[in-house]
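**Q** Below is one structure. I have some questions about it.
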Amino acid sequence: DYYKEKISLNSLRRFGAEIEVNAFDLRSRPVGHTEGKLPEGTYYIANLVQKYSGRNVKIHKWSYDHNNAVWIIKPDSSCGIEICTPVLKGWVGVMETCRVVDALGADTKIHADDRCSFHVHVDVSDLSESEVASIITWWVKCEPVFMDSMPNIRKKNQYCMLLGQSDIFMNVEDDFYANDSLIRKLGLCKYYTINTYHYYNNKRKTLEFRIMDSEACLDPWTAKNYIRLLLHFIERALKKGMPCRYMQGDKWSGYCWLDPKDVFEFLGFDDKHILSPAAKQIMEWFLDRLHLNCSYSNGHGVMGDLARRFALIEIQEMCDNYG
């Protein structure tokens, strides 16, 4: 055991986050938005972000932004206001995000209801198409368990649809999509749990993860652990490489879904003795989220209570084992 590789979380891969909060009047679109009126509370939030980030803040109408050097505040038609971080990396970048999220959560004027979510863009400009395809493939395999950790509002949501329940993988020839084909298919729509929308459309070489609920918009503990978990997932996927083509009876092959214990093994979380304090913290946070949210009340099909009953059993067993 002494010679096992230690699991730490020291990724310096660049990332950016989109933090959604409600306009102060709780409207998704302000009265007069067609004339360019900004959501109520925009300038208040901009001043708060500038104070706690220590950076300049730019306010403008909704548009796609790329390679931000400053924080950006803009309207969001689904919830009210979107707050975009600059391009960040490492622990310093995570803590800058958390300072702002903490300030948002501590302010009684600011709210984030179920219309809000927390998206993370991760830079993959240094990777080949085959490496990007490998990350996507491992996400497909782990996707049900990541969704197990989310509240029901995210499990059946038009803005973060499960790839594994889409028609993307219904007619795969020869078990796997070609790398460019897989990237293209995830680039045609941005409303999947993960997408290559900007990557495919030559805007920026990022993968966008969309599953996190509004808790991360106001709670720095959740925001921190979620960002670091995603970065860790990507590094593990790159280390593992593309799974082999589907082999009957081999859960690690093809696009086969993994169960919770398999996902913890993939992440290196199955042996707490080799985890750094940071990795142990995130493992425990993830397991706690699974225990809290792996419920599909009135759910049907492959993501209903009956279909996920084995996942529920494994999550409870892991909770018992980890104490």
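Quick note on naming: the chains in the structure tokens go A, B, ... in the order shown, residues restart at 1 in each chain, and ligands are numbered from 1 in order of appearance.
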Give me, as a ChimeraX atom specification, all polymer residues having an atom no more than 12 Å from A:Ile110, counting only C-alpha atoms and skipping those fewer than 3 positions away in the same chain.
**A** /A:20-26,40-42,44-45,48,80-81,101-107,113,217-218
**Q** Identify all residues of stretch 76-311 of chain A in strand (DSSP E) (DSSP on the backbone) and supply them as a list in words.
**A** Asp76, Gly80, Ile81, Glu82, Ile83, Cys84, Ser117, Phe118, His119, Val120, His121, Val122, Asp123, Ile194, Asn195, Thr206, Leu207, Glu208, Phe209, Arg210, Ile211, Met212 and Asp213 of chain A
**Q** Please determine, counting only C-alpha atoms, which residue among A:Leu182, A:Ala112, A:Ile227, A:Leu258 has the shortest atom-to-atom distance to A:Arg13.
**A** A:Ile227
**Q** Please provide as an NGL selection string all residues within 9 Å of stretch 310-315 of chain A, with the sequence filter that same-chain residues fewer than 3 positions apart are discarded (counting only C-alpha atoms).
**A** :A and (145 or 148 or 259-261 or 287 or 290-291 or 294-295 or 305-307 or 318-320)
**Q** Excluding same-chain residues fewer than 6 positions from A:Met95, what lies within 10 Å of it counting only C-alpha atoms, as number ranges by chain?
**A** A: 53, 88-89, 101, 220, 223-224
**Q** According to DSSP computed on the backbone, where in stretch 139-304 of chain A is there helix (DSSP H, G or I)? Give the residues as JSON, numbers by chain.
**A** {"A": [139, 140, 141, 142, 143, 144, 145, 146, 147, 148, 152, 153, 154, 155, 163, 164, 165, 173, 174, 175, 179, 180, 181, 182, 183, 184, 185, 197, 198, 199, 200, 215, 216, 217, 218, 220, 221, 222, 223, 224, 225, 226, 227, 228, 229, 230, 231, 232, 233, 234, 235, 236, 237, 238, 239, 240, 260, 261, 262, 263, 264, 265, 266, 267, 272, 273, 274, 277, 278, 279, 280, 281, 282, 283, 284, 285, 286, 287, 288, 289, 290, 291, 292, 293, 301, 302, 303]}
**Q** Report, in Å with one decimal, the straight-line distance from atom CA of A:Asn152 to atom CA of A:Met212.
**A**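 Going from atom CA of A:Asn152 over to atom CA of A:Met212, I get 11.3 Å.
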**Q** Which one is closest to A:Ala133: A:Asp114, A:Asp76, A:Glu18, A:Asp180? Count only C-alpha atoms.
**A**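 Result for the nearest residue to A:Ala133: A:Asp180.
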**Q** Could you please determine the separation between atom CA of A:His33 and atom CA of A:Ser77 in Å, to one decimal place?
**A**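 We find that atom CA of A:His33 and atom CA of A:Ser77 lie 9.9 Å from each other.
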**Q** Give me, please, the distance in Å between atom CA of A:Lys109 and atom CA of A:Gly93, quoted to one decimal.
**A** 25.6 Å
